[in-house]
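Asker: Here you go, this is entry_4.txt (compact mmCIF, C-alpha atoms).
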# COMPACT_ATOMS: atom_id res chain seq x y z
CA MET O 1 44.39 76.63 -132.02
CA VAL O 2 42.76 79.92 -132.69
CA THR O 3 39.46 81.73 -132.79
CA ALA O 4 37.68 81.11 -136.02
CA VAL O 5 34.40 82.84 -136.80
CA GLN O 6 35.64 86.09 -135.37
CA PRO O 7 38.96 87.43 -136.66
CA ALA O 8 41.89 85.94 -134.82
CA THR O 9 42.78 89.30 -133.31
CA ALA O 10 39.32 89.97 -131.94
CA PHE O 11 38.17 89.35 -128.41
CA PRO O 12 34.64 88.10 -127.64
CA GLN O 13 32.12 90.69 -126.58
CA ALA O 14 29.86 89.96 -123.65
CA GLY O 15 26.30 91.11 -123.28
CA THR O 16 25.07 90.73 -126.85
CA ARG O 17 21.79 89.13 -127.69
CA HIS O 18 23.65 86.31 -129.44
CA GLY O 19 25.86 85.59 -126.43
CA THR O 20 24.00 82.44 -125.46
CA THR O 21 23.42 81.09 -128.98
CA LEU O 22 25.52 78.99 -131.30
CA ARG O 23 25.76 81.65 -134.00
CA TYR O 24 29.46 82.27 -133.40
CA LEU O 25 30.49 78.68 -132.68
CA GLY O 26 33.29 78.13 -135.16
CA PRO O 27 35.31 75.09 -136.27
CA ASN O 28 38.19 76.26 -134.06
CA TRP O 29 36.36 74.72 -131.10
CA TYR O 30 37.44 71.26 -132.26
CA ALA O 31 40.90 72.25 -131.03
CA ALA O 32 39.66 71.70 -127.48
CA VAL O 33 38.74 68.12 -128.38
CA MET O 34 42.15 67.55 -129.96
CA GLY O 35 43.96 69.02 -126.98
CA THR O 36 42.02 66.85 -124.54
CA ALA O 37 42.48 63.63 -126.51
CA ILE O 38 46.26 64.10 -126.80
CA VAL O 39 46.56 64.43 -123.02
CA ALA O 40 45.18 60.89 -122.77
CA THR O 41 47.20 59.25 -125.55
CA ALA O 42 50.47 60.97 -124.70
CA GLY O 43 50.13 60.10 -121.01
CA ALA O 44 49.60 56.42 -121.79
CA GLY O 45 52.99 56.20 -123.52
CA LEU O 46 55.13 57.73 -120.79
CA PRO O 47 57.99 55.63 -119.40
CA GLY O 48 57.63 53.84 -116.10
CA ALA O 49 54.51 52.67 -114.33
CA VAL O 50 52.86 55.55 -112.50
CA PRO O 51 50.03 54.16 -110.34
CA GLY O 52 46.65 55.30 -111.57
CA LEU O 53 48.00 57.20 -114.59
CA ARG O 54 46.38 54.93 -117.17
CA THR O 55 43.01 55.20 -115.41
CA VAL O 56 43.31 58.99 -115.46
CA CYS O 57 44.22 58.89 -119.14
CA ALA O 58 41.21 56.70 -119.91
CA THR O 59 39.00 59.17 -118.05
CA VAL O 60 40.42 62.08 -120.03
CA TRP O 61 39.86 60.17 -123.27
CA ALA O 62 36.23 59.58 -122.28
CA LEU O 63 35.93 63.33 -121.69
CA SER O 64 37.31 64.01 -125.17
CA LEU O 65 34.79 61.59 -126.68
CA ALA O 66 31.94 63.32 -124.86
CA MET O 67 33.24 66.72 -125.99
CA LEU O 68 33.39 65.50 -129.59
CA VAL O 69 29.80 64.23 -129.52
CA VAL O 70 28.50 67.47 -127.99
CA LEU O 71 30.46 69.63 -130.39
CA LEU O 72 29.37 67.67 -133.46
CA ALA O 73 25.75 68.14 -132.37
CA ALA O 74 26.30 71.85 -131.67
CA ARG O 75 27.94 72.41 -135.03
CA ALA O 76 25.08 70.57 -136.73
CA LEU O 77 22.67 72.99 -135.06
CA HIS O 78 24.90 75.86 -136.13
CA TRP O 79 24.67 74.76 -139.76
CA THR O 80 20.91 74.29 -139.41
CA HIS O 81 20.07 77.64 -137.82
CA HIS O 82 22.94 79.85 -139.00
CA ARG O 83 23.72 78.45 -142.42
CA GLU O 84 24.81 81.78 -143.92
CA GLN O 85 27.21 82.38 -141.05
CA ALA O 86 28.63 78.88 -141.41
CA ARG O 87 29.07 79.13 -145.18
CA ALA O 88 30.69 82.54 -144.85
CA GLY O 89 33.45 80.90 -142.84
CA PHE O 90 34.76 79.17 -145.97
CA LEU O 91 35.19 82.54 -147.67
CA ASP O 92 36.91 84.16 -144.70
CA PRO O 93 40.70 83.64 -144.88
CA ALA O 94 40.88 83.98 -141.09
CA THR O 95 38.32 81.21 -140.56
CA ALA O 96 38.63 78.69 -143.39
CA PRO O 97 41.90 77.03 -142.21
CA PHE O 98 40.21 75.99 -138.98
CA TYR O 99 38.07 73.48 -140.82
CA GLY O 100 41.19 71.35 -140.62
CA CYS O 101 40.50 70.96 -136.90
CA LEU O 102 37.43 68.77 -137.47
CA PRO O 103 39.25 65.81 -139.06
CA MET O 104 42.06 66.06 -136.51
CA ALA O 105 39.53 65.91 -133.66
CA LEU O 106 37.94 62.79 -135.16
CA LEU O 107 41.35 61.16 -135.62
CA ALA O 108 42.62 62.08 -132.16
CA VAL O 109 39.60 60.62 -130.39
CA GLY O 110 39.63 57.53 -132.60
CA GLY O 111 43.31 56.86 -131.93
CA GLY O 112 42.75 57.37 -128.22
CA ALA O 113 40.10 54.65 -128.29
CA LEU O 114 42.74 52.06 -129.19
CA VAL O 115 45.44 53.48 -126.93
CA VAL O 116 43.44 53.81 -123.68
CA GLY O 117 39.74 53.79 -124.49
CA GLN O 118 39.70 50.03 -124.84
CA ASP O 119 40.16 49.83 -121.06
CA TRP O 120 36.60 51.14 -120.70
CA ILE O 121 34.76 50.06 -123.83
CA GLY O 122 36.61 46.86 -124.70
CA LEU O 123 38.96 46.08 -127.57
CA GLU O 124 36.30 45.16 -130.13
CA ALA O 125 34.38 48.39 -129.62
CA ALA O 126 37.60 50.39 -129.59
CA VAL O 127 38.69 48.96 -132.95
CA ALA O 128 35.27 49.63 -134.45
CA LEU O 129 35.16 53.19 -133.12
CA ASP O 130 38.67 53.95 -134.33
CA ALA O 131 37.95 52.47 -137.75
CA VAL O 132 34.93 54.74 -138.18
CA LEU O 133 36.60 57.89 -136.87
CA PHE O 134 39.85 57.20 -138.72
CA SER O 135 38.03 56.67 -142.01
CA ALA O 136 35.89 59.79 -141.60
CA GLY O 137 38.79 61.90 -140.35
CA THR O 138 41.06 60.81 -143.19
CA VAL O 139 38.51 61.51 -145.92
CA ILE O 140 37.62 64.92 -144.46
CA GLY O 141 41.29 65.70 -143.81
CA LEU O 142 42.34 64.93 -147.40
CA THR O 143 39.41 66.99 -148.66
CA CYS O 144 40.43 69.95 -146.52
CA ALA O 145 44.06 69.61 -147.61
CA VAL O 146 42.90 70.29 -151.18
CA ALA O 147 39.80 72.47 -150.72
CA ILE O 148 41.15 75.05 -148.28
CA PRO O 149 44.34 75.84 -150.27
CA TYR O 150 42.12 75.99 -153.37
CA LEU O 151 39.92 78.59 -151.71
CA MET O 152 43.00 80.50 -150.58
CA VAL O 153 44.14 80.69 -154.19
CA VAL O 154 40.90 81.48 -156.03
CA ARG O 155 38.57 83.13 -153.50
CA HIS O 156 40.56 84.62 -150.63
CA ARG O 157 42.47 87.86 -151.05
CA ILE O 158 45.56 87.49 -148.92
CA GLU O 159 48.40 89.96 -148.57
CA PRO O 160 52.00 88.74 -148.05
CA GLY O 161 52.04 90.14 -144.53
CA GLN O 162 49.02 88.02 -143.54
CA ALA O 163 50.90 84.71 -143.51
CA SER O 164 49.92 82.86 -140.36
CA PRO O 165 50.64 79.54 -138.62
CA VAL O 166 46.94 78.70 -138.93
CA TRP O 167 47.56 78.04 -142.61
CA LEU O 168 49.14 74.77 -141.51
CA LEU O 169 45.93 73.33 -140.08
CA PRO O 170 44.40 71.90 -143.28
CA VAL O 171 47.64 70.36 -144.52
CA VAL O 172 48.58 68.85 -141.14
CA ALA O 173 45.41 66.76 -140.92
CA PRO O 174 46.79 64.02 -143.26
CA MET O 175 49.87 63.82 -141.03
CA VAL O 176 47.60 62.99 -138.09
CA SER O 177 46.11 60.20 -140.19
CA ALA O 178 49.62 59.01 -141.00
CA ALA O 179 50.55 58.89 -137.32
CA LEU O 180 47.39 57.15 -136.11
CA GLY O 181 46.67 54.81 -139.03
CA PRO O 182 49.36 52.31 -138.01
CA LEU O 183 47.38 51.58 -134.84
CA LEU O 184 44.81 49.81 -137.02
CA VAL O 185 47.31 47.78 -139.06
CA PRO O 186 47.46 44.77 -136.67
CA TYR O 187 43.67 44.42 -136.83
CA LEU O 188 43.55 44.08 -140.62
CA PRO O 189 44.01 40.81 -142.54
CA ALA O 190 47.68 40.03 -143.11
CA GLY O 191 49.10 40.78 -146.52
CA GLN O 192 47.67 43.29 -148.94
CA ALA O 193 45.35 45.01 -146.49
CA GLN O 194 48.02 45.70 -143.86
CA GLU O 195 50.63 46.79 -146.39
CA THR O 196 48.18 49.04 -148.20
CA LEU O 197 47.25 50.87 -145.03
CA LEU O 198 50.86 51.26 -143.94
CA LEU O 199 52.04 52.58 -147.31
CA GLY O 200 48.93 54.74 -147.55
CA CYS O 201 49.94 56.32 -144.27
CA LEU O 202 53.44 56.82 -145.66
CA ALA O 203 51.93 58.61 -148.67
CA MET O 204 49.93 60.92 -146.38
CA PHE O 205 53.11 61.53 -144.40
CA GLY O 206 54.81 62.73 -147.59
CA LEU O 207 51.80 64.78 -148.70
CA SER O 208 51.63 66.66 -145.43
CA LEU O 209 55.39 67.00 -145.00
CA LEU O 210 55.93 68.57 -148.41
CA ALA O 211 52.92 70.87 -148.05
CA THR O 212 54.17 71.98 -144.65
CA SER O 213 57.63 72.62 -146.06
CA LEU O 214 56.02 75.07 -148.50
CA MET O 215 54.13 76.91 -145.75
CA LEU O 216 56.85 77.22 -143.10
CA PRO O 217 59.13 79.59 -145.05
CA LEU O 218 56.17 81.94 -145.58
CA ILE O 219 55.41 81.94 -141.86
CA PHE O 220 59.00 82.51 -140.79
CA ALA O 221 59.47 85.24 -143.42
CA ARG O 222 56.33 86.95 -142.08
CA LEU O 223 57.84 86.99 -138.58
CA ILE O 224 61.21 88.28 -139.72
CA THR O 225 59.91 90.99 -142.04
CA GLY O 226 56.65 91.91 -140.31
CA GLY O 227 57.54 91.56 -136.63
CA PRO O 228 55.60 89.70 -133.93
CA LEU O 229 52.08 88.49 -134.56
CA PRO O 230 49.12 90.37 -133.04
CA LEU O 231 48.80 89.61 -129.33
CA ALA O 232 45.73 87.37 -129.57
CA LEU O 233 47.27 85.35 -132.39
CA THR O 234 50.69 84.85 -130.77
CA PRO O 235 49.87 81.42 -129.23
CA ALA O 236 49.23 80.16 -132.78
CA LEU O 237 53.01 80.01 -133.18
CA PHE O 238 52.82 76.73 -131.28
CA LEU O 239 50.88 75.26 -134.22
CA VAL O 240 54.18 74.83 -136.05
CA LEU O 241 55.07 72.16 -133.49
CA GLY O 242 52.15 70.07 -134.78
CA PRO O 243 53.63 68.85 -138.07
CA LEU O 244 57.07 68.52 -136.45
CA GLY O 245 55.95 66.37 -133.53
CA GLN O 246 53.33 64.48 -135.51
CA SER O 247 55.73 63.56 -138.29
CA THR O 248 58.24 62.30 -135.72
CA THR O 249 55.44 60.28 -134.13
CA ALA O 250 54.42 58.92 -137.54
CA VAL O 251 57.84 57.56 -138.50
CA GLY O 252 58.08 55.89 -135.09
CA LYS O 253 54.70 54.22 -135.60
CA PHE O 254 55.73 53.07 -139.07
CA ALA O 255 58.77 51.39 -137.56
CA ASP O 256 56.65 49.77 -134.84
CA VAL O 257 54.35 47.93 -137.24
CA ALA O 258 56.54 47.46 -140.34
CA PRO O 259 58.12 44.10 -139.35
CA GLY O 260 56.00 41.35 -140.87
CA VAL O 261 53.96 43.84 -142.91
CA VAL O 262 56.55 44.89 -145.49
CA PRO O 263 59.62 42.93 -146.70
CA ALA O 264 62.64 42.92 -144.40
CA PRO O 265 64.74 45.55 -146.19
CA TYR O 266 61.90 48.05 -146.03
CA ALA O 267 61.10 47.18 -142.43
CA GLN O 268 64.68 48.00 -141.49
CA GLY O 269 64.42 51.18 -143.55
CA PHE O 270 61.44 52.28 -141.48
CA SER O 271 63.46 51.73 -138.30
CA ASP O 272 66.32 53.78 -139.70
CA LEU O 273 63.93 56.53 -140.76
CA ALA O 274 62.43 56.73 -137.27
CA VAL O 275 65.81 57.78 -135.88
CA LEU O 276 67.48 59.57 -138.80
CA TYR O 277 64.40 61.70 -139.45
CA GLY O 278 62.99 61.94 -135.95
CA VAL O 279 66.06 63.15 -134.06
CA PRO O 280 66.87 66.24 -136.19
CA VAL O 281 63.20 67.19 -136.52
CA MET O 282 62.76 66.95 -132.76
CA GLY O 283 65.78 69.22 -132.42
CA PHE O 284 64.13 71.82 -134.63
CA ALA O 285 60.86 71.41 -132.71
CA LEU O 286 62.65 72.29 -129.47
CA LEU O 287 64.16 75.35 -131.16
CA TRP O 288 60.74 76.48 -132.33
CA LEU O 289 59.26 75.75 -128.90
CA ALA O 290 61.82 78.05 -127.27
CA LEU O 291 61.26 80.82 -129.84
CA SER O 292 57.49 80.58 -129.55
CA ALA O 293 57.59 80.55 -125.75
CA ALA O 294 59.71 83.69 -125.76
CA LEU O 295 57.27 85.49 -128.06
CA VAL O 296 54.29 84.33 -126.00
CA LEU O 297 55.90 85.65 -122.81
CA ARG O 298 56.52 88.95 -124.59
CA ALA O 299 52.87 89.10 -125.68
CA ARG O 300 51.69 88.23 -122.17
CA ARG O 301 53.71 91.11 -120.71
CA ARG O 302 52.02 93.39 -123.23
CA GLY O 303 48.53 92.37 -122.14
CA MET O 304 47.66 89.23 -124.10
CA GLY O 305 44.45 87.90 -122.58
CA PHE O 306 42.72 84.55 -122.94
CA THR O 307 41.16 83.59 -126.25
CA MET O 308 40.64 80.22 -127.86
CA THR O 309 44.12 80.64 -129.35
CA TRP O 310 45.42 79.23 -126.05
CA TRP O 311 44.39 75.72 -127.15
CA ALA O 312 47.37 75.94 -129.50
CA PHE O 313 49.46 75.18 -126.41
CA THR O 314 47.98 71.66 -126.17
CA PHE O 315 47.75 69.39 -129.20
CA PRO O 316 51.00 70.54 -130.88
CA VAL O 317 52.93 70.05 -127.63
CA GLY O 318 51.25 66.66 -127.21
CA THR O 319 52.54 65.53 -130.61
CA CYS O 320 56.06 66.37 -129.43
CA VAL O 321 55.45 64.19 -126.38
CA THR O 322 54.41 61.22 -128.53
CA GLY O 323 57.33 61.93 -130.87
CA ALA O 324 59.80 61.86 -127.97
CA GLU O 325 58.22 58.63 -126.70
CA GLY O 326 58.77 57.06 -130.11
CA LEU O 327 62.40 58.18 -130.18
CA ALA O 328 62.89 56.70 -126.72
CA ARG O 329 61.58 53.33 -127.97
CA HIS O 330 63.76 53.26 -131.07
CA THR O 331 66.98 54.66 -129.61
CA GLY O 332 66.82 53.34 -126.07
CA LEU O 333 68.09 56.70 -124.80
CA VAL O 334 66.91 57.82 -121.38
CA ALA O 335 67.28 61.42 -122.56
CA PHE O 336 64.19 61.04 -124.73
CA ASP O 337 62.25 59.55 -121.81
CA VAL O 338 63.16 62.62 -119.76
CA LEU O 339 62.18 64.90 -122.63
CA ALA O 340 58.81 63.16 -123.00
CA VAL O 341 58.05 63.56 -119.30
CA ALA O 342 59.10 67.22 -119.28
CA LEU O 343 56.96 68.02 -122.32
CA TYR O 344 54.02 66.12 -120.84
CA VAL O 345 54.19 68.23 -117.69
CA LEU O 346 54.07 71.30 -119.91
CA LEU O 347 51.15 69.81 -121.84
CA VAL O 348 49.09 69.08 -118.72
CA ALA O 349 49.75 72.58 -117.35
CA ALA O 350 48.72 74.19 -120.65
CA TRP O 351 45.62 71.99 -120.93
CA SER O 352 44.56 72.81 -117.37
CA VAL O 353 44.85 76.56 -117.95
CA ALA O 354 43.05 76.46 -121.29
CA ALA O 355 40.30 74.20 -119.96
CA VAL O 356 39.61 76.36 -116.89
CA HIS O 357 39.47 79.58 -118.91
CA THR O 358 37.26 77.95 -121.55
CA ALA O 359 34.84 76.69 -118.92
CA ARG O 360 34.65 80.15 -117.39
CA GLY O 361 34.09 81.71 -120.81
CA LEU O 362 31.26 79.30 -121.56
CA VAL O 363 29.57 79.91 -118.23
CA SER O 364 29.79 83.68 -118.64
CA GLY O 365 28.79 83.52 -122.30
CA LYS O 366 31.80 85.52 -123.47
CA LEU O 367 33.25 82.85 -125.72
CA LEU O 368 30.01 82.47 -127.68
CA ALA O 369 29.26 86.18 -127.86
CA ALA O 370 29.43 88.32 -130.99
CA PRO O 371 32.93 89.46 -131.87
CA ARG O 372 34.04 93.03 -131.70
CA PRO O 373 36.89 94.55 -133.67
CA ALA O 374 40.14 94.55 -131.75
CA ALA O 375 41.86 97.84 -131.15
CA ALA O 376 44.82 98.40 -133.40
CA GLU O 377 48.14 97.75 -131.73
CA PRO O 378 50.69 100.53 -131.80
CA ALA O 379 53.42 100.07 -134.35
CA PRO O 380 56.83 99.35 -132.86
CA ALA O 381 59.13 102.31 -132.62
CA ARG O 382 61.96 102.30 -135.14
CA ALA O 383 65.13 104.28 -135.01
CA ARG O 384 65.51 106.94 -137.64
CA THR O 385 68.59 107.07 -139.78
CA ARG O 386 70.13 110.02 -141.54
Could you quickly redo this structure as structure tokens?

Answerer:
Amino acid sequence: MVTAVQPATAFPQAGTRHGTTLRYLGPNWYAAVMGTAIVATAGAGLPGAVPGLRTVCATVWALSLAMLVVLLAARALHWTHHREQARAGFLDPATAPFYGCLPMALLAVGGGALVVGQDWIGLEAAVALDAVLFSAGTVIGLTCAVAIPYLMVVRHRIEPGQASPVWLLPVVAPMVSAALGPLLVPYLPAGQAQETLLLGCLAMFGLSLLATSLMLPLIFARLITGGPLPLALTPALFLVLGPLGQSTTAVGKFADVAPGVVPAPYAQGFSDLAVLYGVPVMGFALLWLALSAALVLRARRRGMGFTMTWWAFTFPVGTCVTGAEGLARHTGLVAFDVLAVALYVLLVAAWSVAAVHTARGLVSGKLLAAPRPAAAEPAPARARTR
């Protein structure tokens, strides 16, 4: 995920008088919570029994919970002491989409409570915590899915060449609800309550999928007609993997809980959907992963340094891990087990790099310092024709 309060192409400036304050703490920081939580939940679903892995995953989930609590408190202080700065973020087209990170952070930590957190806090507490975070995350996510596009239409002034993968963030949040809501279905009373939640998740799946399908052509057209993204924003290309992997995860979760919740024909339909939708979408996700990786390597060779954009390497990749795990369950193919493990190795490597650099930036104060305008990148040379 990407820098928020400062423009996405700007690098933090050290040595300012605001460097140790919360003035420039933007909503993009919730991406670190999301990326940490997905390491825990994705690791818990890997094939085989790796000794100690579940304990490590539970520890990582506890870290994500602690990060969420600290960040919620810090953002509350930000709104208290820098209200004008915080409100200005809604009117900044480079910042507003990142408000979609808040509901996804709540949902990711809540889902992790049921997947691995119950090992530490107990099942009853895990269900209660997930119910609270899922409810809050879903309400905020649906609000962002409407409010941020509304602001983009009526308040922001956006040029065609400014299309960015970060536009996906507000509309992907309901897909995260769709993927994690089924975890709560078994803990609801049988009948109307379970079926309502499951079909509600299906509705959010459709909402997010159709909204994403409107955004993706704009993003791809921007790349084809405008060339590569600015260096600091290049990692945001990985954000496209989010709706792809999360939607694949969602249909797998629907199929997991549908038997006994919906009538038999529909339960079988969910199982069919998990494979017939998930396999081709995972194929496209791998294509986009390869394209994005190539563009990131190109940007790195041209001097791309660390910014908070690097957290885009974590949560979206993690959703592809959980999507591959779901496909492995519903197809029985070892190939998807292998894919899940390979993507998880990539996820852990990306999380480790992003976490280390973020910790260093916090200690030095650079990541919370005032932004400075980034130097303009030279335009690519183009051959002249006669």

Asker: Just the residues within 9 Å of stretch 199-209 of chain O, please, counting only C-alpha atoms, with nothing from its chain fewer than 3 positions along; format it as an NGL selection string.

Answerer: :O and (142 or 145 or 171-182 or 194-196 or 212-214 or 243-244 or 247 or 250-251 or 254)

Asker: Next, write the just-selected residues to a file, as a compact mmCIF listing (two decimals), keeping the file's coordinate frame, keeping C-alpha atoms as the atom set.

Answerer:
# COMPACT_ATOMS: atom_id res chain seq x y z
CA LEU O 142 42.34 64.93 -147.40
CA ALA O 145 44.06 69.61 -147.61
CA VAL O 171 47.64 70.36 -144.52
CA VAL O 172 48.58 68.85 -141.14
CA ALA O 173 45.41 66.76 -140.92
CA PRO O 174 46.79 64.02 -143.26
CA MET O 175 49.87 63.82 -141.03
CA VAL O 176 47.60 62.99 -138.09
CA SER O 177 46.11 60.20 -140.19
CA ALA O 178 49.62 59.01 -141.00
CA ALA O 179 50.55 58.89 -137.32
CA LEU O 180 47.39 57.15 -136.11
CA GLY O 181 46.67 54.81 -139.03
CA PRO O 182 49.36 52.31 -138.01
CA GLN O 194 48.02 45.70 -143.86
CA GLU O 195 50.63 46.79 -146.39
CA THR O 196 48.18 49.04 -148.20
CA THR O 212 54.17 71.98 -144.65
CA SER O 213 57.63 72.62 -146.06
CA LEU O 214 56.02 75.07 -148.50
CA PRO O 243 53.63 68.85 -138.07
CA LEU O 244 57.07 68.52 -136.45
CA SER O 247 55.73 63.56 -138.29
CA ALA O 250 54.42 58.92 -137.54
CA VAL O 251 57.84 57.56 -138.50
CA PHE O 254 55.73 53.07 -139.07

Asker: Under the rule that all atoms listed in the file are counted, which of O:Ala147, O:Ala131, O:Met215, O:Ala37 is the nearest residue to O:Trp351?

Answerer: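 Closest to O:Trp351 of all the choices is O:Ala37.
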
Asker: In Å, how far is it from atom CA of O:Arg222 to atom CA of O:Thr234?

Answerer: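 Straight-line distance from atom CA of O:Arg222 to atom CA of O:Thr234 works out to 12.8 Å.
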
Asker: When you count only C-alpha atoms, which of these residues is closest to O:Arg360: O:Gln85, O:Thr307, O:Thr95, O:Ser164?

Answerer: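 When distances to O:Arg360 are compared using only C-alpha atoms, the smallest one comes from O:Thr307.
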
Asker: Between O:Val261, O:Tyr266, O:Leu237, O:Leu216, which one has atoms that come closest to O:Ala193, using only C-alpha atoms?

Answerer: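 For O:Ala193, the nearest of the candidates is O:Val261.
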
Asker: Quick one: everything within 10 Å of O:Arg298, counting all atoms listed in the file, minus sequence neighbours fewer than 4 positions away in the same chain. Send it as a ChimeraX atom specification.

Answerer: /O:228,231,234,292-294,302-304

Asker: What would the file look like if the residues just selected were written as a short mmCIF file (atom, residue, chain, number, x, y, z; two decimals), in the frame of the given file with C-alpha atoms?

Answerer:
data_model
loop_
_atom_site.label_atom_id
_atom_site.label_comp_id
_atom_site.auth_asym_id
_atom_site.auth_seq_id
_atom_site.Cartn_x
_atom_site.Cartn_y
_atom_site.Cartn_z
CA PRO O 228 55.60 89.70 -133.93
CA LEU O 231 48.80 89.61 -129.33
CA THR O 234 50.69 84.85 -130.77
CA SER O 292 57.49 80.58 -129.55
CA ALA O 293 57.59 80.55 -125.75
CA ALA O 294 59.71 83.69 -125.76
CA ARG O 302 52.02 93.39 -123.23
CA GLY O 303 48.53 92.37 -122.14
CA MET O 304 47.66 89.23 -124.10
#

Asker: Work out how far atom CA of O:Val317 is from atom CA of O:Leu129, in Å to one decimal.

Answerer: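 So the answer is 25.1 Å.
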
Asker: How many Å lie between atom CA of O:Ala354 and atom CA of O:Gly35, rounded to one decimal?

Answerer: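 Interatomic distance, atom CA of O:Ala354 to atom CA of O:Gly35: 9.4 Å.
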
Asker: Box time for stretch 83-102 of chain O: axis-aligned, enclosing all its listed atoms, 5 Å extra on each side; report centre and edge lengths in Å to one decimal, as AutoDock Vina command-line options.

Answerer:
--center_x 32.8 --center_y 76.5 --center_z -142.3 --size_x 28.2 --size_y 25.4 --size_z 20.8

Asker: Got a sec to check which residues sit within 10 Å of (34.4, 54.0, -125.4), counting all atoms listed in the file, and write them as number ranges by chain?

Answerer: O: 58, 61-62, 65-66, 109-110, 112-114, 116-123, 125-126, 129-130

Asker: Using all atoms listed in the file, which of the listed residues (O:Val348, O:Leu106, O:Leu25, O:Ala255) sits closest to O:Ala136?

Answerer: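 Of all the options, O:Leu106 lies closest to O:Ala136.
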
Asker: Leaving out O:Val356 and any residue of its chain fewer than 5 positions from it, which residues lie within 12 Å of it when counting all atoms listed in the file, given as an MDAnalysis selection string?

Answerer: chainID O and resid 32 306:308 310:311 349:351 361:363

Asker: Do you know which residues are at most 9 Å from O:Pro165 counting all atoms listed in the file, after dropping those on the same chain fewer than 2 positions away, and could you put them as a list in words?

Answerer: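 Surrounding residues, per the criterion: Ala163, Trp167, Leu168, Leu169, Met215, Leu216, Ile219, Ala236, Leu237, Phe238, Leu239 and Val240 of chain O.
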
Asker: Would you mind telling me which residue in O:Val127, O:Val33, O:Ala40, O:Ile148 lies nearest to O:Phe90 when using only C-alpha atoms?

Answerer: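 Among the listed residues, the smallest separation from O:Phe90 belongs to O:Ile148.
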
Asker: Of the candidates O:Gly252, O:Gly326, O:Gly26, O:Gly191, which one gets nearest to O:Leu368 if we count all atoms listed in the file?

Answerer: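 With all atoms listed in the file as the atom set, the closest residue is O:Gly26.
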